[in-house]
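Enquirer: Before I ask anything, let me first share the structure, which is written out below as structure tokens.
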Amino acid sequence: MAKDAPDPLYDVKTAFYIGNYSQCISDAQSLKATDAPTAVKRDVFLYRAYLAQRKYAVVLDEVNKTSPAEVQAVRLLAQYMHSSSKRSSVLQEIESQLKAGVDTSSDTMFLMAATVYAHEKDYTNALRTLHQTQSLECSALTVQFLLAIDRVDSAMLEVKRMMEEDEDFILTQLAQAWLYMAVGGAKIKDAFFIFQEAIDRHGTTAYLLSNQASCHVLEGKYEDAEGLLQDALEKDANSPEVLVNLIVVSGKMSKPAEVSRRYISQMKDSHPDHYYTRDYLAKEGEFDRLASNFNASVSA
């Protein structure tokens with residue numbers, strides 16, 4: 001496809017990238033692909049949107065060994081997220097496929113593999129995997145991972161490369177906003193307006209509102225953040241990003257303890273594998289262990 005030719009998947013991809021997964025699914029299902037590569041990519045985004053909605057069974061039921069390799073890669077991530085008992089075997093399968101060699105003209109397997117590595121907190125292998133292809137989505141995920149390990153300097157270089165390739169691409173703009181949030185200071189306001197521009201162009205989503213709320217949190221504007229997060233809840237009452245932000249804001253605003261506990265309970269119930277929930281449960285278990293040891297020593 002020529003670089004300046006319209007992308008038939010533009011609406012599907014954009015909806016996915018801004019967190020409008022229902023719209024992504026609707027657009028993908030109504031799209032009549034005129035060639036096989038477009039059909040495969042459409043299905044990749046369709047099933048990734050189902051994954052984002054935690055509808056793992058849909059992917060596991062509909063994708064099989066006869067499906068295209070790219071779509072099967074999405075199924076691997078579904079298997080990993082759906083069953084903790086299968087994670088070791090899924091990780092082994094991913095590593096086996098990467099070692100055997102993956103077609104670098106497609107970024108799907110690299111994205112799925114990197115996501116699994118990041119879930120394992122293995123950012124070294126996640127970044128190494130993403131560097132095997134030059135797609136802008138892999139670059140955007142690279143920026144996220146670099147910021148997660150406080151490599152703002154490297155993230156700057158990656159964002160610069162993305163802007164040189166396509167500064168108008170939605171993921172380039174989002175990556176720039178994430179970077180600005182990490183840099184802080186006056187750049188936080190710039191990040192807020194990037195998210196606002198995305199809302200003005202593509203519509204409001206819980207994901208974009210949550211990012212704006214994060215900007216307000218960084219600026220200490222907790223009431224403004226809470227207002228945006230309540231709006232986000234109306235868009236998606238179960239968004240983990242929104243719930244985590246509400247936990248933070250509730251604490252900063254000295255809300256009654258039961259308010260935070262309500263959101264924490266929702267995270268535990270709906271998102272047990274989210275990084276926040278796993279870290280919280282680990283700290284909770286450590287606290288209980290220390291308290292038990294302290295009580296035992298006092299009793300003695």
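Within each chain, counting starts at residue 1; across the structure tokens, chains are named A, B, ... in the order shown, with ligands numbered 1 upward in that order.
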Just the residues within 10 Å of Val217 in chain A, please, counting only C-alpha atoms, with nothing from its chain fewer than 4 positions along; format it as an MDAnalysis selection string.
Expert: chainID A and resid 211:213 221:226 245 248:249 252
Enquirer: Which residues are close to Arg151 in chain A, i.e. within 12 Å by only C-alpha atoms, leaving aside same-chain residues fewer than 6 positions away? Reply as a list in words.
Expert: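 Contacts, in chain order: Tyr123, Leu127, Thr142, Val143, Gln144, Phe145, Leu157, Glu158, Leu179, Ala182 and Val183 of chain A.
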Enquirer: Filtering to all heavy atoms, could you give me those residues as a short mmCIF file (atom, residue, chain, number, x, y, z; two decimals), in the first residue's frame?
Expert:
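That gives us again.cif:
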data_model
loop_
_atom_site.label_atom_id
_atom_site.label_comp_id
_atom_site.auth_asym_id
_atom_site.auth_seq_id
_atom_site.Cartn_x
_atom_site.Cartn_y
_atom_site.Cartn_z
N TYR A 123 11.23 -6.32 31.64
CA TYR A 123 11.27 -5.24 30.67
C TYR A 123 12.46 -5.35 29.72
O TYR A 123 12.42 -4.84 28.60
CB TYR A 123 11.28 -3.89 31.38
CG TYR A 123 9.96 -3.57 32.04
CD1 TYR A 123 9.82 -3.59 33.43
CD2 TYR A 123 8.84 -3.26 31.28
CE1 TYR A 123 8.61 -3.31 34.04
CE2 TYR A 123 7.62 -2.97 31.88
CZ TYR A 123 7.52 -3.00 33.26
OH TYR A 123 6.31 -2.73 33.85
N LEU A 127 11.64 -5.02 25.84
CA LEU A 127 12.23 -4.00 24.97
C LEU A 127 13.04 -4.63 23.84
O LEU A 127 13.00 -4.17 22.70
CB LEU A 127 13.10 -3.06 25.80
CG LEU A 127 12.33 -2.14 26.75
CD1 LEU A 127 13.27 -1.48 27.74
CD2 LEU A 127 11.56 -1.09 25.97
N THR A 142 7.24 0.74 23.38
CA THR A 142 8.60 0.93 23.88
C THR A 142 8.67 2.14 24.79
O THR A 142 9.29 2.10 25.87
CB THR A 142 9.58 1.10 22.70
OG1 THR A 142 9.64 -0.10 21.95
CG2 THR A 142 10.98 1.45 23.20
N VAL A 143 8.01 3.23 24.39
CA VAL A 143 7.98 4.43 25.21
C VAL A 143 7.35 4.14 26.57
O VAL A 143 7.87 4.54 27.62
CB VAL A 143 7.22 5.57 24.49
CG1 VAL A 143 7.00 6.76 25.43
CG2 VAL A 143 7.97 6.01 23.25
N GLN A 144 6.24 3.41 26.57
CA GLN A 144 5.57 3.07 27.82
C GLN A 144 6.50 2.28 28.75
O GLN A 144 6.59 2.56 29.95
CB GLN A 144 4.31 2.25 27.55
CG GLN A 144 3.16 3.05 26.98
CD GLN A 144 1.88 2.25 26.94
OE1 GLN A 144 1.89 1.02 26.87
NE2 GLN A 144 0.75 2.93 26.96
N PHE A 145 7.19 1.32 28.19
CA PHE A 145 8.06 0.47 29.01
C PHE A 145 9.28 1.24 29.51
O PHE A 145 9.72 1.06 30.65
CB PHE A 145 8.50 -0.77 28.22
CG PHE A 145 7.37 -1.71 27.89
CD1 PHE A 145 7.52 -2.69 26.91
CD2 PHE A 145 6.14 -1.63 28.53
CE1 PHE A 145 6.48 -3.56 26.60
CE2 PHE A 145 5.10 -2.49 28.23
CZ PHE A 145 5.28 -3.46 27.27
N LEU A 157 14.21 9.86 22.98
CA LEU A 157 14.76 9.51 21.67
C LEU A 157 13.75 8.73 20.85
O LEU A 157 13.63 8.93 19.63
CB LEU A 157 16.04 8.70 21.85
CG LEU A 157 17.22 9.43 22.52
CD1 LEU A 157 18.38 8.46 22.73
CD2 LEU A 157 17.66 10.61 21.66
N GLU A 158 13.00 7.84 21.50
CA GLU A 158 12.00 7.04 20.79
C GLU A 158 10.86 7.92 20.29
O GLU A 158 10.38 7.76 19.16
CB GLU A 158 11.46 5.94 21.70
CG GLU A 158 10.72 4.83 20.98
CD GLU A 158 11.61 3.98 20.10
OE1 GLU A 158 12.82 3.86 20.39
OE2 GLU A 158 11.10 3.44 19.10
N LEU A 179 5.29 11.12 27.59
CA LEU A 179 6.63 11.63 27.87
C LEU A 179 6.55 12.95 28.64
O LEU A 179 7.28 13.14 29.63
CB LEU A 179 7.39 11.83 26.56
CG LEU A 179 8.78 12.46 26.68
CD1 LEU A 179 9.71 11.56 27.49
CD2 LEU A 179 9.37 12.72 25.29
N ALA A 182 5.90 12.47 32.23
CA ALA A 182 7.08 12.00 32.96
C ALA A 182 8.08 13.13 33.19
O ALA A 182 8.73 13.19 34.23
CB ALA A 182 7.74 10.86 32.19
N VAL A 183 8.19 14.03 32.21
CA VAL A 183 9.11 15.16 32.34
C VAL A 183 8.62 16.11 33.43
O VAL A 183 9.41 16.64 34.22
CB VAL A 183 9.24 15.90 30.99
CG1 VAL A 183 10.01 17.21 31.17
CG2 VAL A 183 9.95 15.00 29.98
#
Enquirer: Need to verify the contact set: His271 in chain A, 8 Å, only C-alpha atoms, exclusion of same-chain residues closer than 5 positions in sequence. Can you return it as a short mmCIF file (atom, residue, chain, number, x, y, z; two decimals) with N, CA and C atoms, in the first residue's frame?
Expert:
data_model
loop_
_atom_site.label_atom_id
_atom_site.label_comp_id
_atom_site.auth_asym_id
_atom_site.auth_seq_id
_atom_site.Cartn_x
_atom_site.Cartn_y
_atom_site.Cartn_z
N PRO A 240 -9.60 -0.22 34.76
CA PRO A 240 -8.58 -0.28 35.81
C PRO A 240 -7.82 1.02 35.96
N GLN A 266 -12.93 -3.44 44.12
CA GLN A 266 -13.31 -3.60 42.71
C GLN A 266 -12.11 -4.03 41.89
N THR A 277 -3.00 -4.24 41.51
CA THR A 277 -3.59 -5.24 42.39
C THR A 277 -2.54 -6.21 42.91
#
Enquirer: For CA of Ala282 in chain A and CA of Lys55 in chain A, determine how far apart the two atoms are, in Å to one decimal place.
Expert: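 Value for the CA of Ala282 in chain A-CA of Lys55 in chain A distance: 26.3 Å.
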Enquirer: Check range 214-286 of chain A with DSSP on the backbone and list each residue it calls alpha helix (DSSP H), as a ChimeraX atom specification.
Expert: /A:214-218,222-235,240-252,257-270,275-286
Enquirer: Quick one: residues within 12 Å of Asp122 in chain A, only C-alpha atoms, excluding same-chain residues fewer than 5 positions away - as a list in words?
Expert: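 Once the adjacent positions are removed, what remains is Leu91, Ala113, Ala114, Thr115, Val116, Tyr117, Leu127, Arg128, Thr129, Phe145, Leu146, Ala148 and Ile149 of chain A.
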Enquirer: I need the residues from that last selection saved to file as a PDB file, in the first residue's frame (with C-alpha atoms), if you can.
Expert:
ATOM      1  CA  LEU A  91       5.744 -18.018  27.828  1.00  0.00           C
ATOM      2  CA  ALA A 113       5.235 -11.209  23.304  1.00  0.00           C
ATOM      3  CA  ALA A 114       6.373  -7.865  24.722  1.00  0.00           C
ATOM      4  CA  THR A 115       3.065  -7.510  26.568  1.00  0.00           C
ATOM      5  CA  VAL A 116       3.582 -10.900  28.201  1.00  0.00           C
ATOM      6  CA  TYR A 117       7.166 -10.051  29.152  1.00  0.00           C
ATOM      7  CA  LEU A 127      12.229  -4.002  24.967  1.00  0.00           C
ATOM      8  CA  ARG A 128      14.538  -6.397  23.121  1.00  0.00           C
ATOM      9  CA  THR A 129      11.495  -7.965  21.465  1.00  0.00           C
ATOM     10  CA  PHE A 145       8.059   0.474  29.007  1.00  0.00           C
ATOM     11  CA  LEU A 146      10.979   2.903  29.083  1.00  0.00           C
ATOM     12  CA  ALA A 148       7.969   2.385  33.488  1.00  0.00           C
ATOM     13  CA  ILE A 149      11.648   1.822  34.276  1.00  0.00           C
TER      14      ILE A 149
END
